[in-house]
Each structure stands twice: as C-alpha cells, then as structure tokens.
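**Student:** Can you read through this structure? Questions will come right after.
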Amino acid sequence: MPASAQTNSLSATWQNPPEPIVSMLDADRLPAVSISPDNQWLVEFERRPLPPIAELAEPWVAIAGIKLNPNTWEPAQAASYKGISVRPLGASEGTLIHLPAGARIRNLRWSYNSRYLSFTLTQTDGIELWVLDVAAAKASPLSSPILNGVYNSPCHWLPGDDGLICKVRPRDVGAPPAMPTTPTGPVIESSQGRVAATRTYTNLLESPHDEALFEYYFSAQLAHISLDGEITRLDKPDLIRNVTLSPDGQWLLRSTVHRPFSYQVPLSRFPVRYEVLNRQGQVIHELVDLPLADDIPLAFDSVRTGKRSIGWRTDQPATLYWVEALDGGDASVAADYRDGLYTLAAPFDKAPTEIWRSTLRFSGIIWGHDTFAMVTETWYDSRQRKTWMINPQGTEPVLVNARDFQDAYANPGNPMTIPGPYGRSVLMVSDDGKSIYLNGNGASPEGVFPFLDRLDLASLQTERLWQAEGEKFSRVTRLLDHDARSLIVRRESPSSPSNYYQIDLASGEERSLTDFTDPLAWYADVKKEVVRYPRADGVTLTATLYLPPGHDPATSGPLPTVFWVYPREFKDRDVASQNTRSEHTFTRPGRTSVLFLLTQGYAVLSGPTMPIIGEEDAEPNDTYIEQLVSSAEAAVDYLVERGVSDRTRLAIGGHSYGAFTAANLLAHSDLFQAGIARSGAYNRTLTPFGFQGEQRTFWETPETYLTMSPFISVEKINEPLLLIHGAEDNNSGTYPMQSSRMYDAMKGLGGTVRYVSLPAEGHSYRSREAVGHVLWEMVQWLDQHVKGSD
C-alpha cells in the first residue's frame with residue numbers, strides 16, 4: 001500500500017502491537033502492599049489486568065466536573081484491585097482471602113487498632129461495605145449495595161471496634177430524573193460586571209436536567225454500620241460532599257453543597273456548608289456556609305475566601321482547625337500576612353483561637369502534640385517554601401527551613417509520622433522528646449540517594465542515621481520505634497522490583513518482608529543511564545537513556561531514537577540544572593509506555609529536561625520557543641556525538657503538555673523526522689485564562705498565547721504527525737476538539753497527519769483494547785516514518 005494511502009486509512013477494529021509487547025501487556029502485574037498501622041500485618045492487593053473496553057463503556061453521567069457510574073453510584077471507570085492476601089509481618093506465606101469471583105475492590109482503610117481492613121466491593125447495582133478480620137483472614141459483607149461513593153471515600157472508621165460511619169443512598173430514591181422530551185426554555189447565563197474568570201473545566205453542569213441529576217446522585221445520608229452489620233441512619237438526606245470523624249469518634253464534620261449551582265465551575269467551588277454533628281446525627285454547630293466561589297482570582301496561590309482546609313487536629317480528641325485568607329484570597333495584592341490558622345475545641349461554643357499567621361500561602365500542617373506542630377507555607381511566583389515549628393498554645397514560631405521548593409538539593413526531607421494516641425498520624429518524636437525524623441529523597445550532583453536524618457528541635461542540626469548507597473535504590477517507608485533503631489525500607493534495582501526489608505540500624509541485620517520477582521524479565525538487560533549534557537546558554541540538562549539489551553553503539557551503530565518529553569517552568573537556572581533522577585530504580589513499562597518501543601529496536605530518551613526559565617521579573621514563557629528548541633538541539637547533539645543516534649532517524653513525542661511540546665518542536669525546528677502527540681492542546685486561545693504554569697490571560701499577553709500555539713504555526717509542520725486523543729478526555733484544557741482541529745488544519749494545508757480518537761477513553765488510556773491499539777499505532781507510525789528514513 002502506498003505511504004499516503006496507509007496514512008489516510010481508517011481502521012475499523014482494534015489492533016494489537018507486535019510481540020513481545022502483547023505478552024507484556026497481558027503479564028501479571030506486581031501487587032500493591034500495605035503494612036498495618038501497628039506494623040504487625042502485611043497485606044498484598046492483587047492488581048487487575050487492563051480492563052476491557054466494555055467495562056470503560058459502562059454508562060456514566062458527567063456532571064459538576066466529575067463522571068459517575070449511575071448503576072453503581074461510584075466514580076465512572078474507577079480503578080480497583082481483584083484480590084487480597086494477608087500475612088504477619090515477616091512471614092513468608094500469606095493467606096488468600098476468599099472473595100466473590102470478579103471482585104472489584106476499592107476504598108481500602110485500616111481500622112485504627114489494625115484489627116480490621118475495610119473496603120468496598122462493586123456489584124452491578126452498587127457498592128457494598130466489606131470488612132476483613134485480619135487475624136482470622138476472613139472477609140465478610142456488612143451492607144448490601146447501598147453506599148453512595150460518587151465523591152470521596154464513603155466510609156470512615158470509628159475508634160476501637162465501634163464500626164464505621166458511611167454515606168449511604170437515601171431510602172426509596174426511585175428512578176433518576178428523566179431527560180425532558182421537550183425543552184422547557186433556553187439556558188441563560190449572565191454576568192453584570194463582576195470579575196469571575198476561570199480556567200477551562202470539563203463535564204460541568206449544562207442544563208436544569210443536569211442539576212436534577214446532580215441532586216439525585218449526590219443525595220446521601222450518614223449511617224453508623226456496626227461490625228455485626230446493623231445499620232443506623234443518622235441524618236436526613238442531603239447533598240453530602242464529605243464527612244470526617246473527630247479522633248475520639250464523638251463528632252462528625254459534615255460538608256454539604258447547595259444551590260445556587262454553577263455552569264462555569266465544578267463541584268469543588270459550589271456553595272458548601274460545614275456543620276458539626278453528634279453521634280446521633282444532630283447538628284450541634286454550624287461552622288461556616290461558604291458562597292459560590294466562581295470568582296477566585298487567576299493568579300496562582302489565590303484561594304477561596306472564608307474558612308478552608310478544614311479538618312480535625314490529629315493530636316486532640318475533638319479540635320477543629322482551619323485556615324482563612326487575610327489578603328482577600330488574592331495573590332496579586334500586596335499583604336504582610338496571607339493566611340491565619342485557627343482552632344476550635346469541642347463543644348464548639350467558644351470563640352476560635354488564632355495560633356499562627358503566614359507570610360506566604362498556607363500549604364499544610366502535621367500535628368505533634370499539645371505544644372508542637374510543623375507547618376509549611378509556599379508561594380508559586382518566587383518558588384519559595386518555608387517550614388515552621390509552632391506551639392499551638394503560644395510562643396513565637398521557629399523557622400526550620402526556607403528554600404526554593406524546586407531546589408531538590410536543598411530539600412531536607414519530610415517529617416516521619418506515626419499513629420498517635422487517637423490512631424491518627426502525628427509527628428514521630430524521639431523518646432526524649434528532643435528530636436524528629438526527616439525522610440529525604442537525597443538528590444545531589446552525584447545521584448539520588450535517599451536518607452533518614454534526625455533533626456534536633458533545639459539546635460535545628462541534623463544527624464544522618466541512614467542513607468542508600470551502591471547500585472540499589474532504597475528509601476525508608478516506616479520507623480518501628482521512637483528512637484529509630486529499627487526501620488522498614490523499600491529497595492529496588494534496575495533488575496529487581498521493589499521489595500520490603502526490616503533493618504536493625506545498630507547491628508546492621510535485616511530480614512526480607514517480601515520477595516517479588518520481575519514480571520517483565522526482558523527488561524533486566526536493558527541499558528538504563530542517566531545522562532547529563534549542556535544547553536547553549538550553560539544550563540545543564542538531564543535525561544534517562546534506554547538502549548535495547550545487548551546494543552553497543554560503538555559496535556552496532558546508531559539506532560532510530562524516540563524522544564519523550566514534558567517541559568517544566570523554573571525561576572532559577574541553577575535549580576533547573578539539578579539532577580533529580582536515579583539510574584538504579586526498577587523501571588518497567590505499563591499501559592502505553594514509550595519503553596515498549598525498546599522491544600522494536602528503538603533507543604528511547606525519556607524525560608529530557610527542557611526547562612523554561614524566567615529569572616527575576618521575566619516570565620518563563622516569554623522565551624518558551626527559544627528555550628524549547630535549544631533544549632532539543634542539545635539532546636540531539638549529545639546523542640549523535642555519542643553515536644547512539646543519527647540525525648535522520650529521530651522522533652519526538654509526548655502526552656498532554658508533552659504532546660503540545662512535540663507539536664511545537666515540529667513547527668519550530670527541523671530536528672525530527674516524525675512526531676507523536678497524545679491528548680494534547682494545540683491552540684492556547686481555547687484556554688484563554690491560563691494554562692500549565694502560565695498565569696497571565698490571553699488579553700494580557702496575546703503574543704505569548706499565539707507564539708506558543710502550534711496550531712497558529714501549523715503551516716510550518718512539514719513532518720508526519722500522529723495525533724491520538726481519548727474521546728472522553730476530562731482533563732482541564734485538553735478537549736478532544738484540540739486534536740480534531742489540529743488534524744483539520746494539517747489536512748487542509750496538505751500535511752501528513754493521522755488522527756486516532758479512542759472511544760470511552762479519558763485523558764490517559766486504560767482499556768486493554770485502546771492501550772494495545774495505541775501501541776500498534778505508535779509502532780506502525782515510527783516504523784514507516786522514522787525507522788525507514790534515509
């Protein structure tokens with residue numbers, strides 16, 4: 001078949017990629033692992049294979065920014081496990097838990113005493129609550145398919161053996177609202193001078209019928225479900241967004257949404273009321289009723305006004321905390337203080353207490369005990385992060401660390417936590433109360449070597465207790481005592497998957513807790529190398545180079561090469577030059593990974609850094625094209641000089657923002673012979689209120705939006721481009737229309753282009769049929785346009 005005819009042909013059926021990719025796609029996957037809070041039990045969750053397209057094509061309803069399954073009352077196309085096994089920590093053999101055939105397991109939660117593991121089981125008509133008695137290795141259902149899991153986890157454990165609080169469907173809900181056969185009138189939206197700019201959202205409400213569906217599916221009640229299956233409904237049906245329990249289990253924090261709804265923003269910005277209920281379901285205290293938040297300023301770090309980040313202190317029996325903006329929520333205005341942090345203890349009848357103020361935007365808090373917590377604040381424009389040690393009862397806060405949050409070399413690590421007196425996570429403090437522990441990634445110019453440090457709370461000096469070394473990548477996952485004498489690490493290497501080990505730091509003794517083997521042993525001999533090379537402006541770039549087993553460029557010559565890209569924005573060139581990846585990790589492809597192409601004789605340069613830098617007052621995207629092309633030129637020059645690649649057999653590809661990048665490199669350089677762009681956005685005028693790291697609107701900087709849009713420069717693309725997009729893409733900004741219009745433009749101008757639309761698929765691709773077909777398309781495209789190039 002002539003090349004032009006093959007390019008324009010349409011496939012009527014799903015295709016499979018060549019071997020050994022097919023066998024690899026269908027191979028068993030490594031299980032997920034969870035260790036009980038008391039460190040006595042290890043549970044393995046068996047992963048499901050890629051689901052069939054029929055499962056993804058099950059009915060869904062897209063409303064208020066989410067997609068739900070109307071038959072099961074849970075998120076549409078929800079990922080799940082298919083099996084569970086349990087064993088004592090350190091035992092070599094586990095017990096497989098008996099479950100119904102075809103089990104779809106979700107929403108896993110340990111009880112605070114580690115005696116039980118709860119989960120939901122999806123049936124054809126809903127989701128059931130099940131509980132696993134860990135010691136007995138027996139699971140049983142506690143409810144029929146009555147849970148409402150359309151948004152957030154439906155169930156939460158009470159202390160001890162007191163059961164769970166769950167969201168359940170109202171009784172006798174009846175059939176969902178029917179679509180009107182005759183329109184009742186036009187859909188009208190209006191604005192009267194109020195600034196309410198929003199970024200591009202998908203699956204929003206569009207009609208009164210959508211509003212009715214939203215109220216139908218989000219209607220829920222709270223219920224107490226005991227361990228013997230007794231169900232007690234607590235409150236009246238309402239549009240429940242979430243519920244959280246106080247650590248002592250005596251109070252419920254319920255959030256409910258209400259009208260007026262919006263057709264412009266998703267559920268997370270709808271009016272929401274926070275109330276405290278007692279265990280009998282009675283409202284004891286209304287904390288706040290927040291209005292519709294469709295007018296949050298576009299500047300990064302702008303937030304909703306009023307109370308936000310509402311939760312329970314994990315170190316107290318029943319104390320609420322929240323944050324309120326002190327700058328009107330607008331990051332673009334000057335302010336001495338941005339946020340205030342407040343607490344309010346049960347019975348919630350006193351004035352709240354302000355315990356801290358931030359000069360940046362509140363980012364998070366880890367509670368320790370009555371007089372100790374660690375709080376972080378960040379600011380995007382300056383890339384600044386500060387960590388403070390605060391005393392919730394008073395005294396001045398102590399600055400622990402301040403850095404550029406993109407500066408991996410200066411990252412001190414994250415504080416380790418442990419279940420506290422109420423079973424919730426709190427800071428792990430040494431037995432003498434003088435130190436905490438920091439678990440760090442360990443990025444450095446020499447490589448990435450994770451570590452564990454002890455931080456002295458008085459001097460703020462650190463002591464290195466443990467660090468990974470050699471050609472294996474390890475990191476701490478759990479400390480087993482308050483003085484860090486014993487710990488659990490997860491260790492891997494390029495040829496061995498992650499396994500868990502218990503280590504005694506004093507003696508150096510260790511014991512293996514798992515023994516997983518490589519499911520794709522073909523990749524054990526793949527050559528993986530972290531490479532570094534300079535850009536023309538002096539910035540050092542990093543990439544991971546993969547070569548097929550046994551290939552030596554010195555003796556076998558160059559290979560056709562695929563560059564798989566995704567750029568990032570920076571404010572500091574030194575930070576942009578840092579090395580943040582290890583070549584000692586275990587890397588195996590899954591789904592539509594570009595690494596499958598190694599089996600077809602391609603070299604892969606994965607994730608070559610393409611930093612877009614805007615120092616001081618300059619915005620990174622002001623010179624986006626120049627920096628992007630320069631980064632690509634540096635990568636190509638490096639591989640050609642090493643003999644890995646030749647300039648006549650190069651392809652550029654990427655997913656999402658990487659697809660946007662690939663199209664731009666085809667438009668603004670002649671470095672590549674073909675491109676692959678998956679689920680991208682190509683016309684930035686269709687995302688006029690910002691995208692990725694760009695905060696300015698189209699009307700503030702139209703030249704940036706136009707220059708960065710490969711759609712505007714499509715006449716310059718004279719290389720073949722394969723466009724792939726999920727037909728139900730729900731990612732902000734990457735409507736399938738973006739690929740459709742890009743295809744129309746290239747076709748209309750005589751370009752070589754192929755557009756593959758994947759039914760029932762979202763922003764990434766999940767079904768076995770679609771994944772196999774995407775890999776087939778990629779192999780066919782590259783074999784035709786790259787491997788066969790002169």
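In the structure tokens, chains take the letters A, B, ... in the order shown, each chain's residues start at 1, and ligands count up from 1 in the order shown.
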Name all residues at most 9 Å from Val779 of chain A (count only C-alpha atoms; drop same-chain ones fewer than 5 positions away) and give them as JSON, numbers by chain.
**Tutor:** {"A": [17, 18, 597, 600, 774, 784]}
**Student:** Excluding Pro291 of chain A and residues on its chain fewer than 6 positions from it, collect all residues at most 8 Å away from it, counting only C-alpha atoms, and give them as JSON, numbers by chain.
**Tutor:** {"A": [270, 271, 272]}
**Student:** So, with only C-alpha atoms as the atoms that count, which of A:Glu93, A:Gln406, A:Leu595, A:Arg573 lies closest to Glu615 of chain A?
**Tutor:**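 Among the listed residues, A:Arg573 lies closest to Glu615 of chain A.
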**Student:** From the set A:Ala318, A:Ala345, A:Leu775, A:Ile296, which residue has the shortest atom-to-atom contact distance to Glu19 of chain A, counting only C-alpha atoms?
**Tutor:**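 Among A:Ala318, A:Ala345, A:Leu775, A:Ile296, it is A:Leu775 that comes nearest to Glu19 of chain A.
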**Student:** Taking 4 positions as the minimum chain separation for residues in the same chain, which residues sit within 10 Å of Ala521 of chain A when counting only C-alpha atoms? Answer as number ranges by chain.
**Tutor:** A: 24, 495-496, 517, 525-526, 588
**Student:** Keeping only N, CA and C atoms, take the residues you just selected and write them out as a PDB file, in the first residue's frame.
**Tutor:**
ATOM      1  N   MET A  24       3.669  -8.838  27.077  1.00  0.00           N
ATOM      2  CA  MET A  24       3.994  -7.976  28.210  1.00  0.00           C
ATOM      3  C   MET A  24       2.746  -7.275  28.751  1.00  0.00           C
ATOM      4  N   SER A 495      17.241  -4.415  37.867  1.00  0.00           N
ATOM      5  CA  SER A 495      16.825  -5.777  37.516  1.00  0.00           C
ATOM      6  C   SER A 495      15.936  -6.428  38.569  1.00  0.00           C
ATOM      7  N   SER A 496      15.680  -5.738  39.688  1.00  0.00           N
ATOM      8  CA  SER A 496      14.883  -6.335  40.764  1.00  0.00           C
ATOM      9  C   SER A 496      13.788  -5.356  41.189  1.00  0.00           C
ATOM     10  N   THR A 517       9.233 -10.927  42.228  1.00  0.00           N
ATOM     11  CA  THR A 517      10.152 -11.144  41.115  1.00  0.00           C
ATOM     12  C   THR A 517       9.709 -10.323  39.902  1.00  0.00           C
ATOM     13  N   ASP A 525      17.990  -6.675  31.080  1.00  0.00           N
ATOM     14  CA  ASP A 525      19.244  -6.396  30.372  1.00  0.00           C
ATOM     15  C   ASP A 525      19.197  -5.106  29.566  1.00  0.00           C
ATOM     16  N   VAL A 526      18.115  -4.344  29.706  1.00  0.00           N
ATOM     17  CA  VAL A 526      18.071  -3.028  29.073  1.00  0.00           C
ATOM     18  C   VAL A 526      19.112  -2.123  29.730  1.00  0.00           C
ATOM     19  N   ARG A 588       9.744  -0.586  34.628  1.00  0.00           N
ATOM     20  CA  ARG A 588       9.112  -1.490  33.674  1.00  0.00           C
ATOM     21  C   ARG A 588       7.928  -0.770  33.037  1.00  0.00           C
TER      22      ARG A 588
END
**Student:** Let me make sure I understand: among A:Val644, A:Ala91, A:Val531, A:Ile613, which one has the smallest atom-to-atom distance to Pro548 of chain A if we use only C-alpha atoms?
**Tutor:**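 With only C-alpha atoms as the atom set, the closest residue is A:Val644.
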**Student:** If we count only C-alpha atoms and set the cut-off at 12 Å, which residues sit around Val134 of chain A, ignoring sequence neighbours fewer than 3 positions away in its own chain? Please answer as a list in words.
**Tutor:**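 The residues that qualify are Ile35, Ser36, Gln40, Trp41, Leu42, Val43, Ile84, Ser85, Val86, Arg87, Pro88, Leu89, Gly94, Thr95, Leu96, Ile97, Trp110, Ser111, Asn113, Ser114, Arg115, Tyr116, Leu117, Ser118, Val131, Ala137, Lys138, Ala139 and Ser140 of chain A.
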**Student:** A:Pro759, A:Pro297, A:Gly229, A:Pro688: which is nearest Glu728 of chain A, counting only C-alpha atoms?
**Tutor:** A:Pro759
**Student:** Provide the atom CA of Gly653 of chain A to atom CA of Met778 of chain A distance in Å, to one decimal place.
**Tutor:**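 Separating atom CA of Gly653 of chain A from atom CA of Met778 of chain A is a distance of 9.8 Å.
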